[in-house]
$ cat coords-v1.txt   # compact mmCIF, C-alpha atoms
# COMPACT_ATOMS: atom_id res chain seq x y z
CA MET A 348 -20.10 -14.03 -10.18
CA ALA A 349 -20.42 -14.55 -13.93
CA ARG A 350 -18.06 -17.16 -15.32
CA LEU A 351 -15.40 -15.77 -17.66
CA SER A 352 -15.93 -16.99 -21.20
CA GLU A 353 -13.16 -18.90 -22.94
CA GLY A 354 -13.07 -16.16 -25.56
CA ARG A 355 -12.33 -13.54 -22.92
CA ILE A 356 -9.65 -15.73 -21.35
CA GLN A 357 -8.02 -16.33 -24.74
CA GLN A 358 -7.98 -12.55 -25.34
CA LEU A 359 -5.84 -12.14 -22.22
CA ILE A 360 -3.36 -14.74 -23.49
CA ASP A 361 -3.32 -13.18 -26.96
CA ARG A 362 -2.59 -9.72 -25.55
CA PHE A 363 0.29 -11.06 -23.47
CA GLU A 364 1.80 -12.82 -26.49
CA GLU A 365 1.36 -9.66 -28.59
CA VAL A 366 3.23 -7.55 -26.00
CA GLU A 367 5.95 -10.21 -25.79
CA ALA A 368 6.38 -10.18 -29.56
CA ARG A 369 6.53 -6.37 -29.72
CA MET A 370 9.15 -6.30 -26.97
CA SER A 371 11.47 -8.45 -29.05
CA VAL A 372 11.52 -5.93 -31.93
CA ALA A 373 11.08 -2.60 -30.12
CA SER A 374 14.01 -0.16 -30.33
CA ASP A 375 12.64 3.01 -28.73
CA THR A 376 13.68 3.16 -25.05
CA ARG A 377 10.40 4.61 -23.81
CA GLU A 378 8.43 2.02 -25.76
CA ILE A 379 10.58 -0.78 -24.32
CA VAL A 380 9.99 0.49 -20.77
CA ARG A 381 6.23 0.73 -21.34
CA LEU A 382 6.03 -2.73 -22.89
CA SER A 383 8.20 -4.22 -20.15
CA LYS A 384 5.87 -2.85 -17.50
CA GLU A 385 2.78 -4.18 -19.26
CA HIS A 386 4.50 -7.53 -19.81
CA ALA A 387 5.27 -7.84 -16.10
CA GLU A 388 1.66 -6.99 -15.21
CA LEU A 389 0.17 -9.41 -17.75
CA ARG A 390 2.46 -12.38 -17.11
CA PRO A 391 0.73 -13.74 -13.95
CA VAL A 392 -2.70 -13.19 -15.53
CA ALA A 393 -1.70 -14.98 -18.72
CA GLU A 394 -0.20 -17.89 -16.78
CA MET A 395 -3.38 -18.22 -14.73
CA ALA A 396 -5.50 -17.96 -17.90
CA ARG A 397 -3.56 -20.82 -19.52
CA THR A 398 -3.99 -22.93 -16.39
CA VAL A 399 -7.75 -22.29 -16.27
CA LEU A 400 -8.22 -23.13 -19.98
CA SER A 401 -6.16 -26.30 -19.60
CA MET A 402 -8.14 -27.45 -16.56
CA ARG A 403 -11.46 -26.67 -18.25
CA ALA A 404 -10.43 -28.76 -21.25
CA GLN A 405 -9.23 -31.56 -18.98
CA LEU A 406 -12.51 -31.53 -17.06
CA SER A 407 -14.55 -31.61 -20.27
CA GLU A 408 -12.57 -34.59 -21.62
CA THR A 409 -12.82 -36.49 -18.36
CA GLU A 410 -16.56 -35.89 -18.05
CA ALA A 411 -16.97 -37.16 -21.62
CA MET A 412 -15.19 -40.38 -20.64
CA LEU A 413 -17.72 -40.92 -17.85
CA GLN A 414 -20.48 -40.81 -20.46
CA ASP A 415 -18.80 -43.47 -22.62
CA PRO A 416 -20.53 -46.83 -21.96
CA GLU A 417 -17.60 -48.71 -23.50
CA ALA A 418 -14.93 -47.09 -21.32
CA ASP A 419 -12.70 -49.33 -19.23
CA ARG A 420 -14.05 -49.70 -15.65
CA GLU A 421 -10.73 -48.90 -13.99
CA LEU A 422 -10.32 -45.79 -16.14
CA VAL A 423 -13.85 -44.71 -15.23
CA ASP A 424 -13.05 -45.03 -11.51
CA LEU A 425 -9.93 -42.89 -11.99
CA ALA A 426 -11.95 -40.42 -14.03
CA TYR A 427 -14.45 -40.00 -11.18
CA GLU A 428 -11.61 -39.09 -8.83
CA GLU A 429 -10.10 -36.68 -11.37
CA VAL A 430 -13.43 -34.97 -12.04
CA GLY A 431 -13.97 -34.43 -8.33
CA ASP A 432 -10.51 -32.94 -7.94
CA LEU A 433 -10.90 -30.63 -10.95
CA ARG A 434 -14.35 -29.45 -9.85
CA ASN A 435 -12.94 -28.58 -6.44
CA ARG A 436 -9.87 -26.70 -7.73
CA LEU A 437 -11.23 -24.91 -10.78
CA PRO A 438 -13.63 -22.42 -9.07
CA GLY A 439 -10.83 -21.18 -6.81
CA LEU A 440 -8.51 -20.60 -9.76
CA GLU A 441 -11.26 -18.85 -11.74
CA ARG A 442 -12.00 -16.63 -8.73
CA GLU A 443 -8.30 -15.81 -8.38
CA MET A 444 -8.09 -14.88 -12.05
CA GLN A 445 -11.14 -12.64 -11.79
CA LEU A 446 -9.53 -10.95 -8.80
CA MET A 447 -6.45 -10.28 -10.96
CA LEU A 448 -8.75 -8.56 -13.47
CA ALA A 449 -10.54 -6.46 -10.86
CA PRO A 450 -9.77 -2.71 -10.97
CA LYS A 451 -6.58 -1.93 -9.07
CA ASP A 452 -5.24 1.25 -7.55
CA ALA A 453 -3.00 2.71 -10.24
CA ASP A 454 -0.51 3.78 -7.58
CA ASP A 455 -0.11 0.41 -5.83
CA GLU A 456 3.35 -0.19 -7.31
CA ALA A 457 4.58 3.31 -6.46
CA SER A 458 6.98 4.41 -3.78
CA ALA A 459 5.50 6.53 -0.97
CA VAL A 460 5.94 9.43 1.40
CA LEU A 461 5.33 8.45 5.02
CA GLU A 462 4.18 11.12 7.47
CA VAL A 463 3.76 10.44 11.19
CA ARG A 464 2.48 13.14 13.56
CA ALA A 465 1.83 13.22 17.29
CA GLY A 466 -1.84 13.69 18.14
CA THR A 467 -3.57 14.01 21.48
CA GLY A 468 -1.47 13.07 24.49
CA GLY A 469 1.39 15.56 24.69
CA ASP A 470 4.84 14.05 25.26
CA GLU A 471 3.45 10.53 25.26
CA ALA A 472 1.92 11.09 21.79
CA ALA A 473 5.32 12.22 20.48
CA LEU A 474 6.98 9.11 21.94
CA PHE A 475 4.33 6.94 20.32
CA ALA A 476 4.85 8.69 16.96
CA GLY A 477 8.52 7.73 17.27
CA ASP A 478 7.54 4.11 17.98
CA LEU A 479 5.34 4.03 14.88
CA TYR A 480 8.02 5.55 12.66
CA ARG A 481 10.59 2.98 13.83
CA MET A 482 8.04 0.20 13.22
CA TYR A 483 7.62 1.28 9.59
CA GLN A 484 11.36 1.83 9.22
CA ARG A 485 12.13 -1.74 10.36
CA TYR A 486 9.35 -3.19 8.21
CA ALA A 487 10.66 -1.31 5.17
CA GLN A 488 14.22 -2.48 5.78
CA GLY A 489 12.99 -6.06 6.02
CA ARG A 490 11.45 -5.72 2.56
CA GLY A 491 14.55 -4.15 1.09
CA TRP A 492 12.99 -0.71 0.68
CA GLN A 493 15.02 2.47 1.13
CA VAL A 494 13.91 4.93 3.82
CA GLU A 495 15.14 8.51 3.48
CA LEU A 496 14.40 11.17 6.09
CA VAL A 497 12.85 14.37 4.72
CA SER A 498 12.20 16.34 7.90
CA ALA A 499 11.68 15.79 11.61
CA SER A 500 10.50 17.85 14.57
CA GLU A 501 11.51 16.15 17.79
CA GLY A 502 9.38 15.99 20.95
CA GLU A 503 10.64 17.55 24.15
CA ALA A 504 10.73 14.17 25.93
CA GLY A 505 11.78 12.19 22.86
CA GLY A 506 10.00 10.82 19.85
CA TYR A 507 8.63 13.19 17.22
CA LYS A 508 6.01 15.89 16.95
CA GLU A 509 6.24 15.22 13.21
CA ILE A 510 8.48 13.10 11.02
CA ILE A 511 8.35 12.73 7.25
CA ALA A 512 10.31 10.21 5.17
CA SER A 513 10.32 8.91 1.62
CA VAL A 514 10.10 5.13 1.25
CA THR A 515 11.39 3.91 -2.09
CA GLY A 516 10.80 0.46 -3.53
CA GLN A 517 8.40 -1.60 -5.61
CA GLY A 518 4.87 -1.80 -4.25
CA VAL A 519 5.46 0.41 -1.21
CA PHE A 520 2.18 2.31 -1.49
CA GLY A 521 0.18 -0.85 -2.21
CA TRP A 522 1.41 -2.42 1.04
CA LEU A 523 1.31 0.63 3.30
CA LYS A 524 -1.71 2.60 2.07
CA PHE A 525 -4.04 1.06 4.65
CA GLU A 526 -1.84 2.42 7.45
CA SER A 527 -3.23 5.91 6.89
CA GLY A 528 -5.35 6.93 9.85
CA VAL A 529 -5.38 7.56 13.59
CA HIS A 530 -3.38 5.08 15.67
CA ARG A 531 -4.17 4.95 19.40
CA VAL A 532 -1.90 3.71 22.20
CA GLN A 533 -2.87 2.66 25.72
CA ARG A 534 0.02 2.35 28.16
CA VAL A 535 1.56 3.67 31.38
CA PRO A 536 3.94 6.55 30.51
CA THR A 537 7.41 6.40 32.03
CA THR A 538 6.67 9.73 33.72
CA GLU A 539 3.48 8.44 35.40
CA ALA A 540 4.26 7.78 39.08
CA SER A 541 0.85 6.36 39.98
CA GLY A 542 0.90 3.70 37.25
CA ARG A 543 -2.26 4.96 35.52
CA ILE A 544 -2.84 3.94 31.92
CA HIS A 545 -2.91 6.86 29.50
CA THR A 546 -4.46 6.95 26.04
CA SER A 547 -2.60 8.89 23.35
CA ALA A 548 -2.74 9.02 19.58
CA ALA A 549 -0.68 9.66 16.47
CA THR A 550 -1.73 10.09 12.86
CA VAL A 551 -0.16 8.33 9.91
CA ALA A 552 -0.44 9.45 6.29
CA VAL A 553 0.92 7.38 3.40
CA LEU A 554 0.99 9.27 0.09
CA PRO A 555 1.79 7.65 -3.28
CA ALA A 556 4.98 8.84 -4.97
CA PRO A 557 4.79 7.53 -8.55
CA GLU A 558 7.80 7.93 -10.83
CA GLU A 559 6.06 10.57 -12.90
CA VAL A 560 4.05 13.12 -10.93
CA ASN A 561 2.61 15.42 -13.57
CA ILE A 562 1.85 18.36 -11.32
CA ASP A 563 2.66 21.85 -12.58
CA VAL A 564 3.69 24.18 -9.75
CA ARG A 565 3.95 27.80 -10.90
CA PRO A 566 6.77 29.85 -9.34
CA GLU A 567 4.34 32.63 -8.44
CA ASP A 568 2.25 30.13 -6.44
CA ILE A 569 4.97 29.29 -3.94
CA ARG A 570 6.89 31.11 -1.24
CA LEU A 571 10.28 29.66 -0.34
CA ASP A 572 11.99 30.44 2.97
CA THR A 573 15.30 29.24 4.37
CA MET A 574 15.86 28.77 8.08
CA ARG A 575 18.10 27.08 10.58
CA ALA A 576 17.36 23.42 11.12
CA SER A 577 16.19 22.44 14.58
CA GLY A 578 16.85 19.28 16.54
CA SER A 579 19.83 16.98 16.50
CA GLY A 580 22.22 16.94 13.59
CA GLY A 581 25.46 18.48 14.77
CA GLN A 582 26.96 21.93 14.54
CA HIS A 583 26.60 22.21 10.76
CA VAL A 584 22.81 21.75 10.89
CA ASN A 585 22.29 24.16 13.74
CA LYS A 586 24.52 27.02 12.51
CA THR A 587 23.59 27.33 8.85
CA ASP A 588 20.37 28.37 7.14
CA SER A 589 20.11 25.09 5.26
CA ALA A 590 16.53 24.05 6.07
CA VAL A 591 13.89 24.95 3.48
CA ARG A 592 10.17 25.67 3.91
CA ILE A 593 7.85 25.96 0.92
CA LEU A 594 4.35 27.42 1.15
CA HIS A 595 1.96 26.61 -1.69
CA ILE A 596 -0.20 29.74 -1.62
CA PRO A 597 -3.35 28.45 -3.43
CA THR A 598 -3.79 25.44 -1.13
CA GLY A 599 -1.96 26.55 2.02
CA ILE A 600 0.16 23.39 1.98
CA ILE A 601 3.48 23.86 3.80
CA VAL A 602 6.44 21.51 3.26
CA THR A 603 9.79 21.58 5.04
CA SER A 604 13.04 19.70 4.58
CA SER A 605 15.83 20.03 7.13
CA GLU A 606 18.82 17.97 6.05
CA LYS A 607 22.34 19.47 5.78
CA SER A 608 22.32 20.49 2.11
CA GLN A 609 20.14 23.44 1.12
CA HIS A 610 20.19 22.26 -2.50
CA TYR A 611 18.94 18.82 -1.41
CA ASN A 612 16.30 20.41 0.82
CA ARG A 613 14.91 22.58 -2.00
CA ALA A 614 14.63 19.58 -4.32
CA LYS A 615 13.15 17.28 -1.65
CA ALA A 616 10.64 19.83 -0.39
CA MET A 617 9.44 20.52 -3.95
CA GLU A 618 9.14 16.78 -4.59
CA VAL A 619 7.02 16.29 -1.44
CA LEU A 620 4.88 19.32 -2.34
CA LYS A 621 4.10 17.82 -5.74
CA ILE A 622 3.27 14.48 -4.10
CA ARG A 623 0.86 16.17 -1.68
CA LEU A 624 -0.79 18.05 -4.52
CA TYR A 625 -0.99 14.80 -6.49
CA GLU A 626 -2.65 13.10 -3.50
CA ARG A 627 -5.09 16.02 -3.23
CA GLU A 628 -6.14 15.56 -6.87
CA ARG A 629 -6.19 11.79 -6.46
CA ALA A 630 -8.47 11.95 -3.41
CA ALA A 631 -10.84 14.34 -5.19
CA LYS A 632 -11.06 12.03 -8.21
CA ASP A 633 -11.64 8.99 -5.99
CA ALA A 634 -14.47 10.75 -4.16
CA ALA A 635 -16.09 11.87 -7.38
CA ARG A 636 -15.66 8.51 -9.10
CA SER A 637 -17.36 6.34 -6.54
CA GLU A 638 -19.17 6.76 -3.25
CA ALA A 639 -19.16 3.00 -2.92
CA ARG A 640 -15.68 3.15 -1.42
CA LYS A 641 -17.03 4.17 1.97
CA SER A 642 -15.20 1.62 4.08
CA GLN A 643 -12.00 2.58 5.85
CA ILE A 644 -10.08 0.03 3.83
CA GLY A 645 -11.39 0.97 0.42
CA SER A 646 -10.94 4.71 0.79
CA GLY A 647 -7.88 5.01 2.98
CA ASP A 648 -9.89 7.58 5.00
CA ARG A 649 -7.70 9.07 7.72
CA SER A 650 -10.52 10.70 9.70
CA GLU A 651 -11.16 7.91 12.22
CA ARG A 652 -9.23 5.70 14.61
CA ILE A 653 -8.08 2.62 12.78
CA ARG A 654 -5.92 0.72 15.29
CA THR A 655 -5.24 0.45 19.03
CA TYR A 656 -1.97 -0.68 20.61
CA ASN A 657 -2.72 -1.88 24.15
CA PHE A 658 0.50 -2.37 26.13
CA PRO A 659 -0.93 -3.80 29.40
CA GLN A 660 -2.57 -6.65 27.48
CA GLY A 661 0.12 -6.90 24.79
CA ARG A 662 -2.40 -6.72 21.98
CA VAL A 663 -2.97 -4.81 18.76
CA THR A 664 -6.50 -4.38 17.39
CA ASP A 665 -7.35 -3.18 13.90
CA HIS A 666 -10.89 -1.81 14.18
CA ARG A 667 -11.67 -1.87 10.45
CA ILE A 668 -11.50 -5.65 10.21
CA ASN A 669 -12.03 -6.50 13.90
CA LEU A 670 -8.70 -8.31 14.08
CA THR A 671 -6.79 -8.58 17.36
CA LEU A 672 -3.25 -9.94 17.59
CA HIS A 673 -1.59 -10.63 20.92
CA LYS A 674 1.76 -9.79 19.36
CA LEU A 675 2.32 -6.15 20.24
CA PRO A 676 6.13 -6.38 20.64
CA GLU A 677 6.45 -8.21 17.32
CA VAL A 678 4.22 -5.69 15.52
CA LEU A 679 6.17 -2.69 16.84
CA ALA A 680 9.41 -4.45 15.92
CA GLY A 681 8.17 -4.51 12.30
CA ASP A 682 8.14 -8.31 12.00
CA GLY A 683 4.51 -8.75 13.08
CA LEU A 684 3.14 -5.95 10.92
CA GLN A 685 2.92 -8.23 7.87
CA GLU A 686 0.10 -10.29 9.39
CA LEU A 687 -2.01 -7.15 9.80
CA LEU A 688 -1.25 -5.93 6.29
CA ASP A 689 -2.07 -9.35 4.79
CA ALA A 690 -5.46 -9.33 6.54
CA LEU A 691 -6.25 -5.78 5.39
CA ILE A 692 -5.35 -6.57 1.79
CA ALA A 693 -7.39 -9.82 1.89
CA GLU A 694 -10.40 -7.82 3.11
CA ASP A 695 -9.92 -5.28 0.35
CA GLN A 696 -9.74 -8.07 -2.25
CA ALA A 697 -12.94 -9.61 -0.88
CA GLU A 698 -14.69 -6.25 -1.19
CA ARG A 699 -13.51 -5.81 -4.77
CA LEU A 700 -14.74 -9.30 -5.66
CA ALA A 701 -18.10 -8.56 -4.04
CA ALA A 702 -18.33 -5.37 -6.11
CA LEU A 703 -17.59 -7.37 -9.26
CA GLU A 704 -20.29 -9.89 -8.38
CA MET A 705 -22.83 -7.09 -7.97
CA GLU A 706 -21.83 -5.68 -11.35
CA GLY A 707 -22.08 -9.14 -12.86
$ encode --input "coords-v1.txt" --output "structure tokens"
Amino acid sequence: MARLSEGRIQQLIDRFEEVEARMSVASDTREIVRLSKEHAELRPVAEMARTVLSMRAQLSETEAMLQDPEADRELVDLAYEEVGDLRNRLPGLEREMQLMLAPKDADDEASAVLEVRAGTGGDEAALFAGDLYRMYQRYAQGRGWQVELVSASEGEAGGYKEIIASVTGQGVFGWLKFESGVHRVQRVPTTEASGRIHTSAATVAVLPAPEEVNIDVRPEDIRLDTMRASGSGGQHVNKTDSAVRILHIPTGIIVTSSEKSQHYNRAKAMEVLKIRLYERERAAKDAARSEARKSQIGSGDRSERIRTYNFPQGRVTDHRINLTLHKLPEVLAGDGLQELLDALIAEDQAERLAALEMEG
């Protein structure tokens, strides 16, 4: 990978200082919000840039001392040690800074809509969909994110045929986007008398929900129906036509929301519809922009199996990165999911760096 020039590094520092100076005099609220966001994004890059420039200067000065025939012998010995240390540390810091500058998904900091649906496997698939939803719910709670149910269709034996929730917090989509795909489970169902292992599946979709979704939905393009909510929720839910279903006629997308308030359901269903339309446009742009993002990780492609949860052996395998953890209970409890997500993000970063090296 090409080494960043000192001029380019200084430009990063100058831009950060310029934004910082403009923040101190800005009076327009929207301008302050925009500058604050850019300031937060630039701060870690600027700090790393200052560290890299400082270490480069330190290395240059120390190497010059080694070339000085009149330098004190003890100082020269110390300089040799310092040069070795700087030469070892500097490439890693420069690589980290270049990774910070690599193109990022614009929606990484956004909240998200989480959709989990039972796939093949009947009742067992619905139970597994419930397990996955609770896993994400616990993980989100551990990170301080807010999970809000949008709609749910319960399975006959428990779990969910489909469950949709909004997950609100900083960086939700960036952390969860690699969860989109087909999740497979291998276990003995509670209803299986012979003890045979069954294989079932559920699909997960994670859609970005940025603060501003600029999608125009024309009234004539939608059909809105009210209906009685199904499933648990008490007498109020079951006896009033509070649930809302919206059909987007041009795309055929159907969104439902089945909480107690019809007003809430209308607003939530329209919000989710806009998010799905946004994701549709986003996916089309991604596909047109680059065919290089063919890997499961880079594209978030949901068409293939991405992970297997094997209960008899207590293991979880992510097939995209060939990682197996013998921590199935911890993963499903939400606590062990972080290790998988860290590995997926590290792989994605490595791919982005490799792409940068090819460009360089």
$ residues_around --input "coords-v1.txt" --residues "His530 in chain A" --least-positions-apart "4" --cutoff "9 Å" --atoms "only C-alpha atoms" --output "number ranges by chain"
A: 479, 526, 547-551, 651-656
$ closest_residue --input "coords-v1.txt" --among "A:Glu495, A:Glu509, A:Asp455, A:Glu471" --to "Arg534 in chain A" --atoms "only C-alpha atoms"
A:Glu471
$ residues_around --input "coords-v1.txt" --residues "Thr664 in chain A" --least-positions-apart "5" --cutoff "12 Å" --atoms "all atoms listed in the file" --output "PyMOL selection string"
chain A and resi 530-533+652-658+669-675+678+684+686-687+690
$ residues_around --input "coords-v1.txt" --residues "Pro557 in chain A" --least-positions-apart "5" --cutoff "10 Å" --atoms "only C-alpha atoms" --output "PyMOL selection string"
chain A and resi 453-459+515+520+622+625
$ closest_atom_pairs --input "coords-v1.txt" --of "range 407-472 of chain A" --to "range 349-368 of chain A" --cutoff "12 Å" --atoms "only C-alpha atoms" --output "tab-separated table"
residue	atom	partner	partner_atom	distance
A:Leu437	CA	A:Arg350	CA	11.3
A:Pro438	CA	A:Arg350	CA	9.3
A:Gly439	CA	A:Arg350	CA	11.9
A:Leu440	CA	A:Leu351	CA	11.5
A:Glu441	CA	A:Leu351	CA	7.9
A:Arg442	CA	A:Arg350	CA	9.0
A:Glu443	CA	A:Leu351	CA	11.7
A:Met444	CA	A:Leu351	CA	9.3
A:Gln445	CA	A:Leu351	CA	7.9
A:Leu446	CA	A:Leu351	CA	11.7
A:Met447	CA	A:Leu359	CA	11.4
A:Leu448	CA	A:Leu359	CA	9.9
$ atom_distance --input "coords-v1.txt" --atom1 "CA of Lys621 in chain A" --atom2 "CA of Ile692 in chain A"
27.2 Å
$ residues_around --input "coords-v1.txt" --residues "Ala465 in chain A" --least-positions-apart "6" --cutoff "6 Å" --atoms "all atoms listed in the file" --output "VMD selection string"
chain A and resid 472 to 473 476 508 549
$ closest_residue --input "coords-v1.txt" --among "A:Leu554, A:Leu413, A:Val380, A:Val430" --to "Gly521 in chain A" --atoms "only C-alpha atoms"
A:Leu554
$ closest_residue --input "coords-v1.txt" --among "A:Ile562, A:Leu688, A:Leu700, A:Ala487" --to "Phe525 in chain A" --atoms "only C-alpha atoms"
A:Leu688
$ closest_residue --input "coords-v1.txt" --among "A:Leu523, A:Ala373, A:Val460, A:Val529" --to "Leu496 in chain A" --atoms "only C-alpha atoms"
A:Val460
$ atom_distance --input "coords-v1.txt" --atom1 "CA of Leu474 in chain A" --atom2 "CA of Gly505 in chain A"
5.8 Å
